[in-house]
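First comes the structure, then the notes that go with it.
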Amino acid sequence: MSLFSLSKKLKKLKQQKKYAQQNDQPPKAIPSSLQDQINYIKEKTGNSIDVVIRKLQLGDGNGPDTAVVFVEGIADSKSINDFLIESIMNNRHTHNSRPIFEILLEEVVALGDVKEITDWDNLFLSLMSGESIILVDGTQKALSASTRGGEQRSIEEPGSQVTVRGPRDGFTESIRTNTALIRRRIQNPDLWLENMKIGSVTKTDVSIMYIKGIAKDEIVEEVRNRLKRIEIDSILESGYIEQLIEDQASTTFPTLYHTERPDMVAGNLLEGRVAIIVNGTPFVLIAPAVFIQFFQSVEDYYGRADIATALRFLRILIFLISIIAPATYIAITTFHQEMIPTQLLVAIAAQREAVPFPALVEALIMEVAFEILREAGIRMPRAVGSAISIVGALVIGQAAVQAGIVSPAMVIVVAITAIANFATPAFAVAISARLIRFGFMFAAATFGFYGIILGVIILAVHLCSLRSFGVPYLTPMAPLILANMGDTIIRLPLWAQKKRPRLFSSGNENRVGDHQKPKPPEGRGMVNSVVEKGDQDEN
């Protein structure tokens, strides 16, 4: 082992030890004096104006002083006033022999989730989560009442995954709203939910959801362990989690699936996958993810199987076009002109006669121009973003042709490629195709079709090498699992998909009963003829 690697390893161990020591520090106890408690809360929060501290007198005024502390905006003010402050002020049990703290816990606080807190760390964690804290003078404990609320975005149709047929509700930024949307679809006690706090500063709520008995215990444990290993100060979006737990970082292809649709998450949970839900974002992560999953749409399962299969073939073709269309044009016009029909070759040669650049430079100019327009359309306000993209593409394309910078055929090829890229169902795979396309263009300009074939082989080997939480990325095509091929490029009818994916689910693989194929009745007569016959018998 070299001196550099040894010092690097020692430094890493020192950082891990320091982080463990910070986490293992004993929590600071709460003092008994109410005024000391209030002073410390003000000092710790910087006397922030949104931290409300309301001092109260018990109902008859003879009991110990009490205070309610909450953060305005993330706590439900109506619940605090109606079920907390009013209940404490109307309390008449101060002369009871039991301690006042016990009376508040069991009889006074009219809220569902109430728990005791004995240290400052848990107190501030509950306070900053939207819960209300009840402090009693002379008691070294506090009560935490669940009053999370505040202004939240309402449930709307997801904008990133629009479907023609299917539910119209989508996830929001509230983790409890998102878990409720999933539970409405899977009303089963075996749908388990585990919660943890990630981020030393943000303390972000992160939950994993799975169906016990369907999801493999090994996959659930792997997801749990990867989340627990995260050491970071902040988690602001599920993309942070995705980058920290993915199997391989040196790839453009996503190894976790993200979605805004509750029905899609429910469908994946029923196949044995695990959902990772992060507070503050409408995007839920699904693990493990496989390559073919990114070309499937949720409405494929709501319609006929033959139509869904045709659409999936189209999506695969679209993906191939978005990767190799410009490279194919470059290879043909540069090295393999004999493959072009004579009349088309003459037309292309006439167009390129005034173009001073080779095909690769043409393609790069147009591709970069389209990428700039696409990025500008996304960043501009929605009212003008699409218009700028369309007008800009038309003006730049037409002006480039008239100026003799590019040929009309190249404009057509690049436009078709851009449209095919937009038609890819998953945005994460569409971005991967945009990057890989440039590699294929350089390979085609160097070696022609041989370069494209070599690039396809390298791409296939790379996809075969990827894993998602231990599951091969090209499952069930590589390795080949015939029992699960009914929901890949080909979508069999629901009554024919009797088995769950073998590598995701545990022993509970059956999901469709026997004899579910629709059959016509044995009597093949028309309904009208049967009705007419009955009318004649009555006459």
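In the structure tokens, each chain is lettered A, B, ... as it comes, each chain's residues begin at 1, and ligands are numbered from 1 in order of appearance.
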
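All residues of protein, DNA or RNA that reach within 12 Å of Thr163 (chain A), judged by only C-alpha atoms and not counting those fewer than 4 positions away in the chain, are Glu157, Pro158, Gly159, Pro167, Arg168, Asp169, Gly170, Arg261, Asp263, Met264, Gln296, Ser297, Val298, Glu299, Asp300, Tyr301, Tyr302, Gly303 and Pro425 of chain A.
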
Helix (DSSP H, G or I) residues, from DSSP on the backbone, in region 118-275 of chain A, as a ChimeraX atom specification: /A:120-127,175-183,217-228,238-245,262-270

Within 8 Å of region 460-469 of chain A: each region 164-281 of chain A residue with its shortest pair, only C-alpha atoms, as CSV:
```
residue,atom,partner,partner_atom,distance
A:Ile219,CA,A:Phe469,CA,6.8
A:Glu222,CA,A:Phe469,CA,7.1
A:Val223,CA,A:Phe469,CA,7.6
A:Glu246,CA,A:Ser468,CA,7.2
A:Asp247,CA,A:Ser468,CA,5.9
A:Gln248,CA,A:Leu466,CA,7.2
A:Thr255,CA,A:Ser468,CA,5.4
A:Leu256,CA,A:Ser468,CA,7.1
```

Hey, can you spit out that residue selection with N, CA, C and O atoms as a short mmCIF file (atom, residue, chain, number, x, y, z; two decimals), in the first residue's frame?
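Written file, selection.cif:
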```cif
data_model
loop_
_atom_site.label_atom_id
_atom_site.label_comp_id
_atom_site.auth_asym_id
_atom_site.auth_seq_id
_atom_site.Cartn_x
_atom_site.Cartn_y
_atom_site.Cartn_z
N ILE A 219 -33.52 -7.07 -0.50
CA ILE A 219 -33.56 -5.76 -1.16
C ILE A 219 -33.97 -4.68 -0.17
O ILE A 219 -33.40 -3.58 -0.15
N GLU A 222 -31.06 -3.91 2.01
CA GLU A 222 -30.03 -3.16 1.29
C GLU A 222 -30.41 -1.70 1.15
O GLU A 222 -29.57 -0.80 1.34
N VAL A 223 -31.68 -1.43 0.85
CA VAL A 223 -32.15 -0.04 0.77
C VAL A 223 -32.01 0.64 2.12
O VAL A 223 -31.52 1.79 2.23
N GLU A 246 -27.07 5.11 -5.38
CA GLU A 246 -27.07 4.36 -6.63
C GLU A 246 -25.89 3.41 -6.69
O GLU A 246 -24.86 3.61 -6.03
N ASP A 247 -26.03 2.34 -7.47
CA ASP A 247 -25.00 1.31 -7.53
C ASP A 247 -23.74 1.79 -8.23
O ASP A 247 -22.64 1.45 -7.82
N GLN A 248 -23.90 2.54 -9.30
CA GLN A 248 -22.74 2.95 -10.10
C GLN A 248 -22.91 4.40 -10.52
O GLN A 248 -23.92 4.76 -11.15
N THR A 255 -30.20 4.38 -12.45
CA THR A 255 -30.40 3.06 -11.83
C THR A 255 -31.48 3.10 -10.76
O THR A 255 -31.69 2.10 -10.07
N LEU A 256 -32.15 4.24 -10.61
CA LEU A 256 -33.36 4.35 -9.80
C LEU A 256 -34.41 5.06 -10.63
O LEU A 256 -34.10 5.95 -11.43
#
```

Residues flagged strand (DSSP E) by DSSP in region 278-323 of chain A, as a ChimeraX atom specification: /A:278,284-287

With N, CA, C and O atoms retained, export the selected residues as an mmCIF file, in the first residue's frame.
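Output file again06.cif is given in full below:
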```cif
data_model
loop_
_atom_site.group_PDB
_atom_site.id
_atom_site.type_symbol
_atom_site.label_atom_id
_atom_site.label_comp_id
_atom_site.auth_asym_id
_atom_site.auth_seq_id
_atom_site.Cartn_x
_atom_site.Cartn_y
_atom_site.Cartn_z
ATOM 1 N N VAL A 278 -39.321 11.165 0.018
ATOM 2 C CA VAL A 278 -38.554 12.232 0.663
ATOM 3 C C VAL A 278 -39.473 13.425 0.879
ATOM 4 O O VAL A 278 -40.202 13.843 -0.032
ATOM 5 N N VAL A 284 -40.957 10.509 -6.104
ATOM 6 C CA VAL A 284 -40.705 9.333 -5.270
ATOM 7 C C VAL A 284 -39.768 8.405 -6.034
ATOM 8 O O VAL A 284 -39.968 8.149 -7.227
ATOM 9 N N LEU A 285 -38.754 7.887 -5.345
ATOM 10 C CA LEU A 285 -37.790 6.964 -5.946
ATOM 11 C C LEU A 285 -38.297 5.536 -5.809
ATOM 12 O O LEU A 285 -38.916 5.176 -4.803
ATOM 13 N N ILE A 286 -38.015 4.726 -6.836
ATOM 14 C CA ILE A 286 -38.396 3.315 -6.841
ATOM 15 C C ILE A 286 -37.146 2.490 -7.101
ATOM 16 O O ILE A 286 -36.395 2.757 -8.048
ATOM 17 N N ALA A 287 -36.920 1.496 -6.253
ATOM 18 C CA ALA A 287 -35.750 0.626 -6.386
ATOM 19 C C ALA A 287 -36.187 -0.830 -6.173
ATOM 20 O O ALA A 287 -37.081 -1.090 -5.370
#
```

Of the listed residues A:Ile405, A:Leu58, A:Ala433, A:Val512, that which approaches Phe253 (chain A) most closely, counting only C-alpha atoms: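 Smallest distance to Phe253 (chain A) is found for A:Ala433.
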
Å distance separating CA of Val51 (chain A) from CA of Leu127 (chain A), one decimal place: 9.1 Å

Residue contacts of region 446-456 of chain A (8 Å, only C-alpha atoms) excluding same-chain residues fewer than 6 positions away, as a ChimeraX atom specification: /A:324,327-328,330-332,334-336,440

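Near Thr309 (chain A), within a cut-off of 9 Å and counting only C-alpha atoms, sit the residues Asp300, Arg304, Leu314, Thr488, Ile489, Ile490, Arg491 and Leu492 of chain A, with same-chain residues fewer than 5 positions away left out.
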
Could the residues in this selection be written to a file with all heavy atoms, as a PDB file, in the first residue's frame?
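Below is the file that was written, result_29.pdb:
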```pdb
ATOM      1  N   ASP A 300     -50.182   1.863 -20.095  1.00  0.00           N
ATOM      2  CA  ASP A 300     -50.080   0.601 -20.823  1.00  0.00           C
ATOM      3  C   ASP A 300     -50.920  -0.485 -20.170  1.00  0.00           C
ATOM      4  O   ASP A 300     -51.395  -1.407 -20.844  1.00  0.00           O
ATOM      5  CB  ASP A 300     -48.618   0.135 -20.872  1.00  0.00           C
ATOM      6  CG  ASP A 300     -47.763   1.033 -21.745  1.00  0.00           C
ATOM      7  OD1 ASP A 300     -48.336   1.874 -22.465  1.00  0.00           O
ATOM      8  OD2 ASP A 300     -46.532   0.905 -21.702  1.00  0.00           O
ATOM      9  N   ARG A 304     -55.691  -2.051 -23.833  1.00  0.00           N
ATOM     10  CA  ARG A 304     -55.530  -3.376 -24.413  1.00  0.00           C
ATOM     11  C   ARG A 304     -54.052  -3.721 -24.547  1.00  0.00           C
ATOM     12  O   ARG A 304     -53.196  -2.854 -24.750  1.00  0.00           O
ATOM     13  CB  ARG A 304     -56.217  -3.440 -25.777  1.00  0.00           C
ATOM     14  CG  ARG A 304     -57.734  -3.321 -25.709  1.00  0.00           C
ATOM     15  CD  ARG A 304     -58.335  -3.449 -27.104  1.00  0.00           C
ATOM     16  NE  ARG A 304     -57.911  -4.698 -27.730  1.00  0.00           N
ATOM     17  CZ  ARG A 304     -58.528  -5.862 -27.542  1.00  0.00           C
ATOM     18  NH1 ARG A 304     -59.566  -5.934 -26.734  1.00  0.00           N
ATOM     19  NH2 ARG A 304     -58.101  -6.954 -28.146  1.00  0.00           N
ATOM     20  N   LEU A 314     -42.727   1.080 -30.495  1.00  0.00           N
ATOM     21  CA  LEU A 314     -42.497   2.424 -31.017  1.00  0.00           C
ATOM     22  C   LEU A 314     -41.528   3.196 -30.124  1.00  0.00           C
ATOM     23  O   LEU A 314     -40.651   3.916 -30.618  1.00  0.00           O
ATOM     24  CB  LEU A 314     -43.824   3.166 -31.132  1.00  0.00           C
ATOM     25  CG  LEU A 314     -43.764   4.619 -31.624  1.00  0.00           C
ATOM     26  CD1 LEU A 314     -43.188   4.675 -33.031  1.00  0.00           C
ATOM     27  CD2 LEU A 314     -45.141   5.266 -31.576  1.00  0.00           C
ATOM     28  N   THR A 488     -42.314  -6.845 -20.794  1.00  0.00           N
ATOM     29  CA  THR A 488     -41.104  -6.151 -21.231  1.00  0.00           C
ATOM     30  C   THR A 488     -41.448  -5.330 -22.464  1.00  0.00           C
ATOM     31  O   THR A 488     -42.253  -4.412 -22.381  1.00  0.00           O
ATOM     32  CB  THR A 488     -39.984  -7.166 -21.519  1.00  0.00           C
ATOM     33  OG1 THR A 488     -40.477  -8.180 -22.422  1.00  0.00           O
ATOM     34  CG2 THR A 488     -39.535  -7.847 -20.229  1.00  0.00           C
ATOM     35  N   ILE A 489     -40.831  -5.636 -23.600  1.00  0.00           N
ATOM     36  CA  ILE A 489     -41.229  -4.963 -24.846  1.00  0.00           C
ATOM     37  C   ILE A 489     -42.623  -5.415 -25.244  1.00  0.00           C
ATOM     38  O   ILE A 489     -43.425  -4.643 -25.771  1.00  0.00           O
ATOM     39  CB  ILE A 489     -40.204  -5.277 -25.955  1.00  0.00           C
ATOM     40  CG1 ILE A 489     -38.807  -4.800 -25.541  1.00  0.00           C
ATOM     41  CG2 ILE A 489     -40.613  -4.602 -27.261  1.00  0.00           C
ATOM     42  CD1 ILE A 489     -37.728  -5.136 -26.543  1.00  0.00           C
ATOM     43  N   ILE A 490     -42.930  -6.684 -24.981  1.00  0.00           N
ATOM     44  CA  ILE A 490     -44.263  -7.231 -25.229  1.00  0.00           C
ATOM     45  C   ILE A 490     -45.038  -7.173 -23.927  1.00  0.00           C
ATOM     46  O   ILE A 490     -44.535  -7.567 -22.878  1.00  0.00           O
ATOM     47  CB  ILE A 490     -44.180  -8.683 -25.740  1.00  0.00           C
ATOM     48  CG1 ILE A 490     -43.400  -8.730 -27.051  1.00  0.00           C
ATOM     49  CG2 ILE A 490     -45.563  -9.282 -25.912  1.00  0.00           C
ATOM     50  CD1 ILE A 490     -43.127 -10.136 -27.541  1.00  0.00           C
ATOM     51  N   ARG A 491     -46.279  -6.674 -23.984  1.00  0.00           N
ATOM     52  CA  ARG A 491     -47.126  -6.640 -22.802  1.00  0.00           C
ATOM     53  C   ARG A 491     -48.272  -7.616 -22.990  1.00  0.00           C
ATOM     54  O   ARG A 491     -49.186  -7.394 -23.798  1.00  0.00           O
ATOM     55  CB  ARG A 491     -47.661  -5.240 -22.575  1.00  0.00           C
ATOM     56  CG  ARG A 491     -47.951  -4.919 -21.118  1.00  0.00           C
ATOM     57  CD  ARG A 491     -49.278  -5.427 -20.643  1.00  0.00           C
ATOM     58  NE  ARG A 491     -50.362  -4.542 -21.031  1.00  0.00           N
ATOM     59  CZ  ARG A 491     -51.639  -4.758 -20.753  1.00  0.00           C
ATOM     60  NH1 ARG A 491     -51.998  -5.871 -20.131  1.00  0.00           N
ATOM     61  NH2 ARG A 491     -52.575  -3.935 -21.158  1.00  0.00           N
ATOM     62  N   LEU A 492     -48.209  -8.737 -22.283  1.00  0.00           N
ATOM     63  CA  LEU A 492     -49.277  -9.732 -22.351  1.00  0.00           C
ATOM     64  C   LEU A 492     -50.515  -9.225 -21.615  1.00  0.00           C
ATOM     65  O   LEU A 492     -50.428  -8.325 -20.778  1.00  0.00           O
ATOM     66  CB  LEU A 492     -48.808 -11.046 -21.733  1.00  0.00           C
ATOM     67  CG  LEU A 492     -47.670 -11.780 -22.441  1.00  0.00           C
ATOM     68  CD1 LEU A 492     -47.335 -13.064 -21.691  1.00  0.00           C
ATOM     69  CD2 LEU A 492     -48.023 -12.086 -23.887  1.00  0.00           C
TER      70      LEU A 492
END
```

Residue neighbourhood Met366 (chain A), 10 Å, only C-alpha atoms, exclusion window fewer than 6 positions, as a count of residues only: 12

Residue contacts of region 171-188 of chain A (9 Å, only C-alpha atoms) excluding same-chain residues fewer than 5 positions away, as a list in words: Gln152, Arg153, Ser154, Ile155, Glu156, Glu157, Pro158, Leu193, Asp205, Val206, Ser207, Met209, Ile211, Thr259, Glu260, Arg261, Pro262, Asp263, Val265, Ala266, Leu270, Ile277, Val278, Asn279, Gly280, Thr281, Pro282, Phe283 and Val284 of chain A

Atom pair CA of Asn510 (chain A) / CA of Asp190 (chain A): separation (Å):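 About the pair CA of Asn510 (chain A) and CA of Asp190 (chain A): they are 16.2 Å apart.
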
Given only C-alpha atoms as the counted atoms, nearest of A:Val401, A:Ile458, A:Ala29, A:Ile80 to Arg352 (chain A):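 Looking only at the distances to Arg352 (chain A), the closest residue turns out to be A:Val401.
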
Non-local contacts of Pro31 (chain A) (7 Å; only C-alpha atoms; under 3 positions in same chain excluded) as a PyMOL selection string: chain A and resi 36-37+140

Atom pair CA of Val108 (chain A) / CA of Gly150 (chain A): separation (Å):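 Atom-to-atom, CA of Val108 (chain A) and CA of Gly150 (chain A) are spaced 23.5 Å apart.
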
Among listed residues A:Ile321, A:Leu435, A:Ala483, A:Ala376, nearest Ile416 (chain A) (using only C-alpha atoms):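 Using only C-alpha atoms, Ile416 (chain A) sits closest to A:Ile321.
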
Minimum-distance residue to Lys203 (chain A), chosen among A:Leu236, A:Leu105, A:Ile38, A:Leu191 (using only C-alpha atoms): A:Leu236

A:Ala275, A:Leu320, A:Val395, A:Ala305 ranked by distance to Gly486 (chain A), top pick (using only C-alpha atoms): A:Ala305
